[in-house]
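The next block is protein.cif, given as mmCIF, C-alpha atoms.
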data_input
#
loop_
_atom_site.label_atom_id
_atom_site.label_comp_id
_atom_site.auth_asym_id
_atom_site.auth_seq_id
_atom_site.Cartn_x
_atom_site.Cartn_y
_atom_site.Cartn_z
CA MET A 1 185.83 49.90 12.12
CA GLY A 2 186.53 52.66 14.58
CA GLY A 3 185.32 55.56 12.42
CA SER A 4 182.84 58.27 13.20
CA PRO A 5 179.38 57.30 14.41
CA GLU A 6 176.97 56.39 11.67
CA GLU A 7 174.59 59.17 10.75
CA PRO A 8 171.39 57.24 11.65
CA ASP A 9 172.81 56.44 15.09
CA SER A 10 173.85 59.98 15.89
CA ALA A 11 170.49 61.30 14.79
CA ALA A 12 168.42 58.74 16.63
CA ARG A 13 170.52 58.55 19.77
CA PRO A 14 171.93 61.96 20.67
CA GLY A 15 172.73 60.73 24.17
CA THR A 16 175.06 57.94 23.18
CA GLY A 17 178.23 59.92 22.52
CA SER A 18 181.38 59.40 24.50
CA GLY A 19 180.67 62.51 26.56
CA ASP A 20 177.40 61.02 27.77
CA ALA A 21 179.11 57.71 28.30
CA ALA A 22 181.40 59.33 30.79
CA ALA A 23 178.72 61.38 32.55
CA GLY A 24 177.82 59.75 35.81
CA GLY A 25 178.95 56.35 34.58
CA ARG A 26 175.37 55.54 33.55
CA PRO A 27 176.32 53.40 30.50
CA ALA A 28 178.72 51.36 32.64
CA VAL A 29 175.99 50.74 35.23
CA MET A 30 173.51 49.68 32.56
CA LEU A 31 176.14 47.39 31.01
CA ALA A 32 176.87 45.81 34.39
CA LEU A 33 173.18 45.20 35.14
CA ALA A 34 172.56 43.73 31.69
CA THR A 35 175.60 41.46 31.98
CA LEU A 36 174.49 40.25 35.41
CA GLY A 37 171.02 39.45 34.12
CA PHE A 38 172.45 37.61 31.14
CA ALA A 39 174.76 35.56 33.39
CA LEU A 40 171.96 34.56 35.78
CA ASN A 41 169.61 33.55 32.98
CA PHE A 42 172.36 31.61 31.24
CA TRP A 43 173.13 29.87 34.52
CA ALA A 44 169.51 28.75 34.64
CA TRP A 45 169.53 27.86 30.94
CA ALA A 46 172.47 25.48 31.44
CA LEU A 47 171.37 23.73 34.64
CA LEU A 48 170.62 20.42 32.93
CA SER A 49 173.95 20.02 31.14
CA PRO A 50 176.21 19.17 34.13
CA LEU A 51 173.60 16.65 35.31
CA GLY A 52 173.39 14.89 31.95
CA PRO A 53 175.62 11.93 32.92
CA ARG A 54 173.70 11.53 36.20
CA PHE A 55 170.35 11.43 34.41
CA GLN A 56 171.81 9.00 31.89
CA GLU A 57 172.71 6.56 34.65
CA GLU A 58 169.60 7.01 36.81
CA LEU A 59 167.07 6.95 33.94
CA ARG A 60 169.11 4.62 31.69
CA LEU A 61 169.11 7.02 28.77
CA SER A 62 170.74 6.26 25.44
CA ALA A 63 173.50 8.52 24.13
CA PHE A 64 170.99 10.17 21.79
CA GLU A 65 168.40 10.69 24.55
CA GLN A 66 171.00 12.31 26.77
CA ALA A 67 172.10 14.59 23.93
CA LEU A 68 168.44 15.48 23.26
CA LEU A 69 167.92 16.32 26.93
CA VAL A 70 170.70 18.90 27.05
CA ALA A 71 169.94 20.22 23.55
CA VAL A 72 166.21 21.00 23.99
CA PRO A 73 166.74 24.14 26.13
CA VAL A 74 169.32 25.28 23.59
CA VAL A 75 167.00 25.12 20.59
CA VAL A 76 164.08 26.75 22.41
CA GLY A 77 166.29 29.51 23.78
CA SER A 78 167.67 30.03 20.30
CA VAL A 79 164.44 30.17 18.31
CA GLY A 80 162.86 32.26 21.07
CA ARG A 81 165.45 34.98 20.48
CA ILE A 82 163.75 35.92 17.22
CA PRO A 83 160.48 37.22 18.74
CA VAL A 84 162.23 38.40 21.92
CA GLY A 85 164.67 40.50 19.88
CA ALA A 86 161.82 42.09 17.97
CA LEU A 87 159.92 42.73 21.22
CA THR A 88 163.04 44.38 22.66
CA ASP A 89 163.16 46.78 19.70
CA ARG A 90 159.57 47.70 20.59
CA TYR A 91 159.49 47.68 24.42
CA GLY A 92 163.16 47.97 25.38
CA GLY A 93 165.41 46.08 27.76
CA ARG A 94 163.95 47.81 30.80
CA VAL A 95 160.73 45.83 30.27
CA MET A 96 162.11 42.66 28.72
CA PHE A 97 164.93 41.86 31.17
CA PRO A 98 162.63 41.61 34.25
CA LEU A 99 159.93 39.85 32.22
CA VAL A 100 162.17 37.12 30.80
CA SER A 101 163.95 36.62 34.14
CA ALA A 102 160.64 36.18 35.99
CA ALA A 103 159.31 33.77 33.35
CA THR A 104 162.43 31.59 33.66
CA ILE A 105 161.75 30.98 37.36
CA VAL A 106 158.78 28.70 36.60
CA PRO A 107 160.62 25.93 34.66
CA VAL A 108 163.59 26.18 37.03
CA LEU A 109 161.41 25.39 40.04
CA PHE A 110 159.49 22.71 38.13
CA LEU A 111 162.69 20.86 37.24
CA GLY A 112 164.15 21.14 40.71
CA LEU A 113 161.06 20.14 42.65
CA PHE A 114 159.05 17.81 40.38
CA GLY A 115 160.43 17.31 36.89
CA HIS A 116 163.68 15.38 37.28
CA SER A 117 162.35 11.85 37.73
CA SER A 118 161.50 10.95 34.11
CA LEU A 119 162.66 11.80 30.61
CA PRO A 120 159.31 13.29 29.47
CA ALA A 121 159.20 15.61 32.51
CA LEU A 122 162.81 16.66 31.94
CA LEU A 123 162.08 17.41 28.29
CA ILE A 124 159.01 19.48 29.17
CA GLY A 125 160.91 21.41 31.82
CA GLY A 126 163.90 21.79 29.51
CA PHE A 127 161.64 23.16 26.78
CA PHE A 128 160.47 26.05 28.96
CA LEU A 129 163.93 26.44 30.50
CA GLY A 130 164.90 27.69 27.07
CA ILE A 131 163.24 31.01 27.95
CA GLY A 132 166.39 31.94 29.87
CA GLY A 133 168.47 31.65 26.72
CA THR A 134 166.50 34.42 24.99
CA THR A 135 168.01 37.15 27.20
CA PHE A 136 170.87 37.50 24.74
CA ALA A 137 168.49 39.14 22.25
CA VAL A 138 167.41 41.56 25.00
CA GLY A 139 170.88 42.65 26.05
CA VAL A 140 172.59 43.34 22.73
CA PRO A 141 170.21 46.09 21.51
CA PHE A 142 169.93 47.45 25.06
CA VAL A 143 173.72 47.77 25.44
CA ASN A 144 174.12 48.97 21.85
CA GLY A 145 171.94 51.98 22.58
CA TRP A 146 174.19 53.16 25.40
CA TYR A 147 177.47 53.22 23.41
CA PRO A 148 178.68 54.92 20.21
CA PRO A 149 179.58 52.67 17.24
CA GLU A 150 183.33 52.81 17.81
CA ARG A 151 182.94 51.33 21.32
CA ARG A 152 180.14 48.84 20.73
CA GLY A 153 182.36 45.90 19.88
CA PHE A 154 183.94 45.99 23.32
CA ALA A 155 180.69 46.85 25.15
CA VAL A 156 178.72 44.04 23.53
CA GLY A 157 181.70 41.73 24.12
CA VAL A 158 181.60 42.54 27.82
CA PHE A 159 177.87 41.85 27.86
CA GLY A 160 178.46 38.61 25.99
CA ALA A 161 180.81 37.52 28.76
CA GLY A 162 177.62 36.88 30.71
CA MET A 163 177.55 33.56 28.91
CA GLY A 164 179.89 32.61 31.74
CA GLY A 165 176.73 31.78 33.65
CA THR A 166 177.13 28.34 32.12
CA ALA A 167 180.50 28.06 33.89
CA ILE A 168 178.83 28.86 37.21
CA GLY A 169 176.38 26.05 36.55
CA ALA A 170 179.18 23.66 35.62
CA LEU A 171 181.17 24.44 38.77
CA THR A 172 178.31 24.39 41.27
CA THR A 173 175.44 22.20 40.09
CA VAL A 174 176.93 18.75 40.65
CA ARG A 175 178.45 19.77 44.00
CA LEU A 176 175.17 21.26 45.22
CA VAL A 177 173.21 18.16 44.19
CA ASP A 178 175.74 15.85 45.86
CA GLY A 179 175.81 17.91 49.04
CA SER A 180 172.21 19.06 49.49
CA GLY A 181 169.96 17.23 47.05
CA MET A 182 168.60 17.68 43.54
CA ALA A 183 166.41 20.70 44.32
CA THR A 184 169.18 22.90 45.73
CA PRO A 185 170.80 24.41 42.59
CA PHE A 186 167.39 24.97 41.01
CA VAL A 187 165.90 26.72 44.05
CA LEU A 188 169.03 28.84 44.47
CA THR A 189 168.91 29.93 40.83
CA ALA A 190 165.20 30.72 41.05
CA VAL A 191 165.75 32.95 44.09
CA LEU A 192 168.56 34.84 42.36
CA LEU A 193 166.42 35.33 39.25
CA ALA A 194 163.58 36.72 41.38
CA VAL A 195 165.91 39.19 43.09
CA TYR A 196 167.37 40.27 39.76
CA ALA A 197 163.92 40.76 38.18
CA VAL A 198 163.01 43.19 40.96
CA VAL A 199 166.35 45.04 40.81
CA ALA A 200 166.21 45.30 37.01
CA ALA A 201 162.66 46.65 37.08
CA LEU A 202 163.77 49.36 39.54
CA LEU A 203 167.15 50.35 38.11
CA LEU A 204 167.31 49.70 34.36
CA ARG A 205 166.85 52.70 32.07
CA GLU A 206 166.74 53.00 28.29
CA ALA A 207 169.41 54.96 26.42
CA PRO A 208 168.57 58.62 25.79
CA GLY A 209 166.94 59.17 22.42
CA ARG A 210 165.96 55.52 21.89
CA THR A 211 163.74 55.26 18.83
CA VAL A 212 160.70 52.97 19.05
CA PRO A 213 159.76 51.35 15.74
CA GLY A 214 156.16 51.91 14.74
CA GLU A 215 155.82 49.02 12.28
CA PRO A 216 154.26 45.68 13.26
CA MET A 217 156.67 42.94 14.34
CA SER A 218 156.07 40.95 11.16
CA HIS A 219 157.15 43.91 9.02
CA ARG A 220 160.25 44.51 11.13
CA MET A 221 161.25 40.86 10.97
CA ALA A 222 160.76 40.82 7.19
CA ALA A 223 162.93 43.93 6.90
CA ALA A 224 165.64 42.34 9.04
CA LEU A 225 165.58 39.21 6.90
CA ARG A 226 166.31 41.33 3.83
CA LEU A 227 169.55 42.64 5.35
CA PRO A 228 172.63 40.76 4.10
CA VAL A 229 174.34 41.23 7.47
CA ALA A 230 171.59 39.19 9.13
CA TRP A 231 172.41 36.14 7.02
CA GLN A 232 176.18 36.58 7.01
CA ALA A 233 176.42 37.14 10.75
CA SER A 234 174.01 34.25 11.36
CA ALA A 235 176.27 31.86 9.48
CA LEU A 236 179.35 33.03 11.39
CA TYR A 237 177.62 32.95 14.76
CA ALA A 238 176.25 29.48 14.11
CA VAL A 239 179.86 28.30 13.95
CA ALA A 240 181.45 30.50 16.64
CA PHE A 241 178.81 30.63 19.34
CA GLY A 242 177.21 27.39 18.17
CA GLY A 243 180.52 25.62 18.68
CA TYR A 244 180.86 27.14 22.13
CA VAL A 245 177.33 26.11 23.15
CA ALA A 246 177.80 22.62 21.76
CA PHE A 247 180.94 22.03 23.80
CA SER A 248 179.57 23.72 26.90
CA VAL A 249 176.60 21.33 26.99
CA TYR A 250 178.25 18.18 25.61
CA LEU A 251 181.84 18.36 26.86
CA PRO A 252 181.16 16.50 30.16
CA THR A 253 179.64 13.61 28.20
CA TYR A 254 182.49 13.65 25.67
CA LEU A 255 185.21 13.63 28.32
CA LYS A 256 183.51 10.89 30.30
CA SER A 257 183.07 8.69 27.22
CA GLN A 258 186.36 9.43 25.46
CA TYR A 259 188.73 9.71 28.43
CA ASP A 260 186.78 7.93 31.20
CA LEU A 261 186.85 10.94 33.52
CA GLU A 262 184.76 11.18 36.67
CA GLN A 263 181.66 13.37 36.39
CA ALA A 264 183.01 16.09 38.69
CA ASP A 265 186.36 16.20 36.84
CA ALA A 266 184.61 16.43 33.47
CA ALA A 267 182.36 19.24 34.75
CA ASN A 268 185.39 21.16 36.04
CA ARG A 269 187.16 20.87 32.69
CA MET A 270 184.01 22.05 30.95
CA ALA A 271 183.99 25.05 33.30
CA GLY A 272 187.59 25.85 32.29
CA PHE A 273 186.59 25.71 28.61
CA VAL A 274 183.65 28.02 29.25
CA LEU A 275 185.65 30.45 31.37
CA LEU A 276 188.33 30.93 28.73
CA ALA A 277 185.69 31.43 26.02
CA VAL A 278 183.94 33.98 28.23
CA LEU A 279 187.13 35.93 28.88
CA MET A 280 187.98 35.97 25.17
CA ARG A 281 184.61 37.30 24.07
CA PRO A 282 185.23 40.94 25.10
CA VAL A 283 188.77 40.57 23.80
CA GLY A 284 187.32 39.63 20.42
CA GLY A 285 185.04 42.66 20.51
CA TRP A 286 187.88 44.98 21.56
CA LEU A 287 190.17 43.69 18.83
CA SER A 288 187.35 44.13 16.32
CA ASP A 289 187.05 47.80 17.31
CA ARG A 290 190.80 48.20 16.78
CA ILE A 291 191.71 46.08 13.75
CA GLY A 292 188.38 44.98 12.26
CA ALA A 293 185.89 42.18 12.87
CA VAL A 294 186.72 40.46 9.58
CA GLN A 295 190.38 40.02 10.44
CA VAL A 296 189.53 38.73 13.92
CA MET A 297 187.01 36.23 12.54
CA GLU A 298 189.48 34.89 9.97
CA VAL A 299 192.08 34.15 12.63
CA CYS A 300 189.54 32.62 15.03
CA LEU A 301 188.11 30.29 12.41
CA ALA A 302 191.58 29.19 11.30
CA VAL A 303 192.48 28.28 14.89
CA THR A 304 189.19 26.37 15.25
CA VAL A 305 189.90 24.33 12.11
CA VAL A 306 193.35 23.28 13.32
CA ALA A 307 192.27 22.49 16.88
CA ALA A 308 189.21 20.48 15.81
CA ALA A 309 191.29 18.48 13.33
CA VAL A 310 193.84 17.66 16.05
CA GLN A 311 191.19 16.63 18.58
CA ALA A 312 189.40 14.48 16.01
CA PHE A 313 192.09 11.84 16.47
CA ALA A 314 191.67 11.76 20.28
CA PRO A 315 195.21 12.65 21.35
CA PRO A 316 196.21 12.16 25.01
CA LEU A 317 194.26 14.59 27.14
CA MET A 318 197.47 15.93 28.68
CA PRO A 319 198.85 17.96 27.12
CA LEU A 320 197.70 17.88 23.47
CA GLY A 321 193.98 17.33 23.99
CA THR A 322 193.82 20.06 26.62
CA ILE A 323 195.71 22.49 24.37
CA ALA A 324 193.34 21.73 21.48
CA PHE A 325 190.23 22.34 23.56
CA LEU A 326 191.60 25.53 25.13
CA ALA A 327 192.58 26.84 21.69
CA MET A 328 189.04 26.17 20.45
CA ALA A 329 187.59 27.87 23.52
CA ALA A 330 189.67 31.00 22.95
CA ALA A 331 188.91 31.10 19.24
CA LEU A 332 185.17 30.47 19.59
CA GLY A 333 184.87 33.07 22.37
CA ALA A 334 186.74 35.76 20.47
CA GLY A 335 184.88 34.89 17.28
CA SER A 336 181.54 35.32 19.06
CA GLY A 337 182.59 38.79 20.17
CA ALA A 338 183.75 39.67 16.67
CA THR A 339 180.44 38.58 15.14
CA PHE A 340 178.43 41.08 17.16
CA ALA A 341 180.98 43.80 16.56
CA LEU A 342 180.06 43.18 12.93
CA VAL A 343 176.32 43.39 13.71
CA SER A 344 176.81 46.62 15.66
CA LEU A 345 178.64 48.12 12.69
CA MET A 346 176.36 46.92 9.89
CA ALA A 347 172.80 46.77 11.28
CA PRO A 348 170.55 49.88 11.30
CA ALA A 349 170.10 51.28 14.83
CA ASN A 350 166.37 50.55 15.12
CA GLN A 351 166.77 46.99 13.82
CA VAL A 352 169.58 45.79 16.05
CA GLY A 353 167.17 43.80 18.24
CA SER A 354 165.55 42.04 15.28
CA VAL A 355 168.91 41.26 13.66
CA THR A 356 170.29 40.13 17.03
CA GLY A 357 167.34 37.79 17.45
CA LEU A 358 167.99 36.18 14.07
CA VAL A 359 171.75 35.93 14.59
CA GLY A 360 171.36 34.72 18.16
CA ALA A 361 168.91 32.08 17.02
CA ALA A 362 171.38 30.86 14.43
CA GLY A 363 174.09 30.64 17.08
CA GLY A 364 171.92 28.67 19.45
CA LEU A 365 170.73 26.35 16.70
CA GLY A 366 174.36 25.92 15.75
CA GLY A 367 174.81 24.60 19.26
CA PHE A 368 171.72 22.38 19.10
CA VAL A 369 172.76 20.22 16.17
CA PRO A 370 176.32 19.15 17.16
CA PRO A 371 175.39 17.42 20.46
CA LEU A 372 172.77 15.36 18.61
CA VAL A 373 175.25 14.55 15.83
CA MET A 374 177.99 13.67 18.33
CA GLY A 375 175.63 11.44 20.31
CA ALA A 376 174.37 9.68 17.18
CA ILE A 377 177.89 9.21 15.77
CA TYR A 378 179.21 7.82 19.04
CA GLY A 379 176.22 5.49 19.26
CA LEU A 380 176.95 4.17 15.77
CA PHE A 381 180.74 4.04 15.70
CA GLY A 382 181.91 4.36 19.30
CA SER A 383 184.08 7.31 18.22
CA TYR A 384 183.81 11.09 17.94
CA THR A 385 186.31 11.45 15.09
CA VAL A 386 183.76 12.13 12.33
CA GLY A 387 181.93 14.74 14.42
CA LEU A 388 185.07 16.76 15.12
CA LEU A 389 186.20 16.55 11.51
CA LEU A 390 182.79 17.93 10.51
CA LEU A 391 183.42 20.91 12.80
CA ALA A 392 186.73 21.53 11.02
CA VAL A 393 185.00 21.42 7.62
CA VAL A 394 182.22 23.80 8.70
CA ALA A 395 184.72 26.24 10.23
CA THR A 396 186.68 26.18 6.95
CA ALA A 397 183.53 27.10 5.02
CA ALA A 398 182.81 29.94 7.46
CA GLY A 399 186.35 31.22 7.00
CA LEU A 400 185.88 31.34 3.24
CA LEU A 401 182.60 33.24 3.68
CA THR A 402 184.34 35.75 5.94
CA ALA A 403 187.22 36.29 3.54
CA THR A 404 184.91 36.89 0.55
CA ALA A 405 181.29 38.06 1.01
CA VAL A 406 181.63 39.49 4.52
CA ARG A 407 184.87 41.35 3.77
CA ARG A 408 183.29 42.81 0.63
CA ALA A 409 180.14 43.91 2.50
CA VAL A 410 182.17 45.67 5.21
CA HIS A 411 184.29 47.41 2.57
CA GLU A 412 181.18 48.64 0.75
CA ARG A 413 179.68 49.88 4.04
CA GLN A 414 182.81 51.86 4.90
CA ALA A 415 183.46 53.22 1.40
CA PRO A 416 180.78 55.98 1.50
CA ARG A 417 182.26 57.31 4.75
CA SER A 418 185.75 57.46 3.25
CA THR A 419 184.54 59.39 0.18
CA ALA A 420 182.61 61.76 2.44
CA GLY A 421 185.80 62.59 4.32
CA HIS A 422 185.32 60.35 7.35
CA PRO A 423 188.38 58.55 8.69
#
Rewrite the structure of this file - the entire thing - as structure tokens.
Amino acid sequence: MGGSPEEPDSAARPGTGSGDAAAGGRPAVMLALATLGFALNFWAWALLSPLGPRFQEELRLSAFEQALLVAVPVVVGSVGRIPVGALTDRYGGRVMFPLVSAATIVPVLFLGLFGHSSLPALLIGGFFLGIGGTTFAVGVPFVNGWYPPERRGFAVGVFGAGMGGTAIGALTTVRLVDGSGMATPFVLTAVLLAVYAVVAALLLREAPGRTVPGEPMSHRMAAALRLPVAWQASALYAVAFGGYVAFSVYLPTYLKSQYDLEQADAANRMAGFVLLAVLMRPVGGWLSDRIGAVQVMEVCLAVTVVAAAVQAFAPPLMPLGTIAFLAMAAALGAGSGATFALVSLMAPANQVGSVTGLVGAAGGLGGFVPPLVMGAIYGLFGSYTVGLLLLAVVATAAGLLTATAVRRAVHERQAPRSTAGHP
């Protein structure tokens, strides 16, 4: 994993070596700005989730309608990563970060000021709120360009920690609404996004030697779809990040229904889940740089299987249920970091944005389906057992994929370097 830089990268990006990385700290500054933008947009993207139980009571929503409400921004933000990733390959993060951040302001203000009084308005606002979730496909290729291959796992993991924006939403949204009214968290987020869009437009710079693809987007997307890593990483990310997203948006509802917790208590526990997953994401990337993404993924998926199987039988929340959820949070966070360490290793340099868009979309869609399934299952059976057992089964299948096809692909990718005398 930590071998010499790939030949295409070193040719296309002469300024991304470790010497440049140290000069003036420019890569670190770019990483910090990208991570901040990701966190703010993810905060906006997740504004509806902590308020799901409140909307359910005020608008008398069914379990499925509530699940649909929090899932709509997820699916839009996920599918939107495909074109946004391709556009980032073409125009770069310096253009796309301010653009996406500014566009997200509109649905945020709509929901806070006008769109929270009916389910149709919430769904419309939530649809466009999904724009904020596309920033992931902007940041990965942008950060990738600033770091050499042997450091990208950690760098992209640090960027991925920006998904902690959902924890900020979980910790603050309900309190702000209770203390100052429904509009407050939305207006606050919109102001911060506006400030960031201006700062990003002024300060962000592209990595030296960035290559701009000349082919049309349709050709680049078709080329990305032909890469095995796009499909393999998509499957893994659908489980790792999809599981994280599913719990981050549905956990308050689950805890309130299963354990009869108060809304604020459930939101705080969700924030703890998110925070641990966020902290483990760069750890997963760092470990992937050191021991290999395949090994990290295998361990993470095994932990997920065991924890989901334990939680399926609704053990007491203290201590067993809490341990199960925290174990899943750590495993899903580290597994998300390992997945993009794999993308950074296997994807061609000028296709990282397109591949990231596809993989990111799969991860978000992986988070869209479980809340709907959990809501439907609970509506039918009054229990979440089947849904959590399904997670264990899916994680088992992903583990088998990692141990076979993905391990073989990584070995074949590294073999030419070994025969050429690379470490």
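Atom pair atom CA of Pro107 of chain A / atom CA of Pro370 of chain A has a distance of 24.5 Å (rounded to one decimal).
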Selected residue of minimal separation from Ala347 of chain A among A:Met96, A:Leu123, A:Ala34, A:Ala409, counting all atoms listed in the file
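Closest to Ala347 of chain A, using all atoms listed in the file: A:Ala409.
Put simply, atom CA of Arg281 of chain A is 7.1 Å away from atom CA of Val158 of chain A.
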Selection under test: the PyMOL selection byres ((chain A and resi 69) around 8); residues as a PyMOL selection string:
chain A and resi 48+52+65-68+70-73+119+122-123+126
Enumerate, as an MDAnalysis selection string, the protein, DNA and RNA residues whose atoms approach (185.0, 12.4, 15.1) to within 12 Å, taking into account all atoms listed in the file and the coordinate frame of the file.
chainID A and resid 254 258 308:315 370 373:393
Take every atom of segment 372-384 of chain A listed in the file, pad by 4 Å on each side, and give me the axis-aligned box centre and edge lengths in Å, one decimal, as lines of an AutoDock Vina configuration file.
center_x = 178.4
center_y = 9.7
center_z = 18.0
size_x = 19.3
size_y = 19.3
size_z = 12.6
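Going from atom CA of Asp289 of chain A over to atom CA of Val355 of chain A, you cover 19.6 Å.
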Smallest atom-to-atom distance to Pro316 of chain A: which of A:Leu36, A:Leu255, A:Ala230, A:Ala329, using only C-alpha atoms?
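Ranking A:Leu36, A:Leu255, A:Ala230, A:Ala329 by distance to Pro316 of chain A, first place goes to A:Leu255.
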Can you give me, as JSON, numbers by chain, the residues this file yields under the PyMOL selection byres ((chain A and resi 156) around 12)?
{"A": [27, 28, 30, 31, 32, 34, 35, 38, 136, 137, 138, 139, 140, 141, 142, 143, 144, 145, 146, 147, 148, 149, 150, 151, 152, 153, 154, 155, 157, 158, 159, 160, 161, 162, 163, 281, 282, 283, 284, 285, 286, 288, 289, 334, 336, 337, 338, 339, 340, 341, 342, 343, 344, 345, 352, 356]}
Nearest candidate to Phe97 of chain A (options A:Ile124, A:Val74, A:Leu51, A:Ala200; using all atoms listed in the file)
A:Ala200
With all atoms listed in the file counted and 10 Å as the cut-off, give the residues of segment 13-106 of chain A in contact with segment 171-176 of chain A, each with its shortest interatomic distance in Å and the pair that gives it, as a Markdown table.
| residue | atom | partner | partner_atom | distance |
| --- | --- | --- | --- | --- |
| A:Trp43 | CA | A:Thr173 | CA | 9.8 |
| A:Ala46 | CA | A:Thr173 | CA | 9.7 |
| A:Leu47 | CA | A:Thr173 | CA | 7.0 |
| A:Leu48 | CA | A:Thr173 | CA | 8.8 |
| A:Ser49 | CA | A:Thr173 | CA | 9.3 |
| A:Pro50 | CA | A:Val174 | CA | 6.6 |
| A:Leu51 | CA | A:Val174 | CA | 6.6 |
| A:Arg54 | CA | A:Val174 | CA | 9.1 |
Go through A:Ser248, A:Leu59, A:Phe64, A:Glu215 and flag the residue nearest Gly169 of chain A, using only C-alpha atoms for the distances.
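Residue with the minimum atom-to-atom distance to Gly169 of chain A: A:Ser248.
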Step by step, work through what the PyMOL selection byres ((chain A and resi 396-403) around 8) selects in the shown file, and finish by giving those residues as a PDB file with C-alpha atoms, in the frame of the given file.
ATOM      1  CA  GLN A 232     176.180  36.580   7.010  1.00  0.00           C
ATOM      2  CA  ALA A 235     176.270  31.860   9.480  1.00  0.00           C
ATOM      3  CA  LEU A 236     179.350  33.030  11.390  1.00  0.00           C
ATOM      4  CA  VAL A 239     179.860  28.300  13.950  1.00  0.00           C
ATOM      5  CA  VAL A 294     186.720  40.460   9.580  1.00  0.00           C
ATOM      6  CA  MET A 297     187.010  36.230  12.540  1.00  0.00           C
ATOM      7  CA  GLU A 298     189.480  34.890   9.970  1.00  0.00           C
ATOM      8  CA  LEU A 301     188.110  30.290  12.410  1.00  0.00           C
ATOM      9  CA  ALA A 302     191.580  29.190  11.300  1.00  0.00           C
ATOM     10  CA  VAL A 305     189.900  24.330  12.110  1.00  0.00           C
ATOM     11  CA  ALA A 392     186.730  21.530  11.020  1.00  0.00           C
ATOM     12  CA  VAL A 393     185.000  21.420   7.620  1.00  0.00           C
ATOM     13  CA  VAL A 394     182.220  23.800   8.700  1.00  0.00           C
ATOM     14  CA  ALA A 395     184.720  26.240  10.230  1.00  0.00           C
ATOM     15  CA  THR A 404     184.910  36.890   0.550  1.00  0.00           C
ATOM     16  CA  ALA A 405     181.290  38.060   1.010  1.00  0.00           C
ATOM     17  CA  VAL A 406     181.630  39.490   4.520  1.00  0.00           C
ATOM     18  CA  ARG A 407     184.870  41.350   3.770  1.00  0.00           C
TER      19      ARG A 407
END
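Proximity ranking of A:Val177, A:Leu358, A:Ala324, A:Ala86 relative to Ala238 of chain A places A:Leu358 first, based on only C-alpha atoms.
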Skipping near chain neighbours, those fewer than 3 positions away, what residues fall within 7 Å of Ala331 of chain A using all atoms listed in the file, listed as a ChimeraX atom specification?
/A:300-301,303-304,327-328,334-335
Please work out which residues fall within 12 Å of (160.4, 41.7, 23.9), coordinates as given in the file, with only C-alpha atoms counting, and return them as a tab-separated table (two decimals) with C-alpha atoms, in the frame of the given file.
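The result, stored in result-v4.tsv:
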chain	number	residue	atom	x	y	z
A	80	GLY	CA	162.86	32.26	21.07
A	81	ARG	CA	165.45	34.98	20.48
A	82	ILE	CA	163.75	35.92	17.22
A	83	PRO	CA	160.48	37.22	18.74
A	84	VAL	CA	162.23	38.40	21.92
A	85	GLY	CA	164.67	40.50	19.88
A	86	ALA	CA	161.82	42.09	17.97
A	87	LEU	CA	159.92	42.73	21.22
A	88	THR	CA	163.04	44.38	22.66
A	89	ASP	CA	163.16	46.78	19.70
A	90	ARG	CA	159.57	47.70	20.59
A	91	TYR	CA	159.49	47.68	24.42
A	92	GLY	CA	163.16	47.97	25.38
A	93	GLY	CA	165.41	46.08	27.76
A	94	ARG	CA	163.95	47.81	30.80
A	95	VAL	CA	160.73	45.83	30.27
A	96	MET	CA	162.11	42.66	28.72
A	97	PHE	CA	164.93	41.86	31.17
A	98	PRO	CA	162.63	41.61	34.25
A	99	LEU	CA	159.93	39.85	32.22
A	100	VAL	CA	162.17	37.12	30.80
A	101	SER	CA	163.95	36.62	34.14
A	131	ILE	CA	163.24	31.01	27.95
A	134	THR	CA	166.50	34.42	24.99
A	135	THR	CA	168.01	37.15	27.20
A	136	PHE	CA	170.87	37.50	24.74
A	137	ALA	CA	168.49	39.14	22.25
A	138	VAL	CA	167.41	41.56	25.00
A	139	GLY	CA	170.88	42.65	26.05
A	141	PRO	CA	170.21	46.09	21.51
A	142	PHE	CA	169.93	47.45	25.06
A	217	MET	CA	156.67	42.94	14.34
A	353	GLY	CA	167.17	43.80	18.24
A	354	SER	CA	165.55	42.04	15.28
A	357	GLY	CA	167.34	37.79	17.45
Pick out the closest residue to Phe110 of chain A from this set: A:Val187, A:Leu279, A:Leu372, A:Ala39. Count only C-alpha atoms.
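Selected residue with least distance to Phe110 of chain A: A:Val187.
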Atoms added to segment 376-380 of chain A (N, CA and C atoms), reported as a compact mmCIF listing (two decimals), in the coordinates of the input:
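This went into selection25.txt:
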# COMPACT_ATOMS: atom_id res chain seq x y z
N ALA A 376 174.74 10.69 18.18
CA ALA A 376 174.37 9.68 17.18
C ALA A 376 175.62 9.00 16.62
N ILE A 377 176.66 9.79 16.32
CA ILE A 377 177.89 9.21 15.77
C ILE A 377 178.55 8.27 16.77
N TYR A 378 178.60 8.69 18.04
CA TYR A 378 179.21 7.82 19.04
C TYR A 378 178.40 6.55 19.23
N GLY A 379 177.06 6.67 19.15
CA GLY A 379 176.22 5.49 19.26
C GLY A 379 176.44 4.51 18.12
N LEU A 380 176.74 5.03 16.94
CA LEU A 380 176.95 4.17 15.77
C LEU A 380 178.36 3.59 15.70
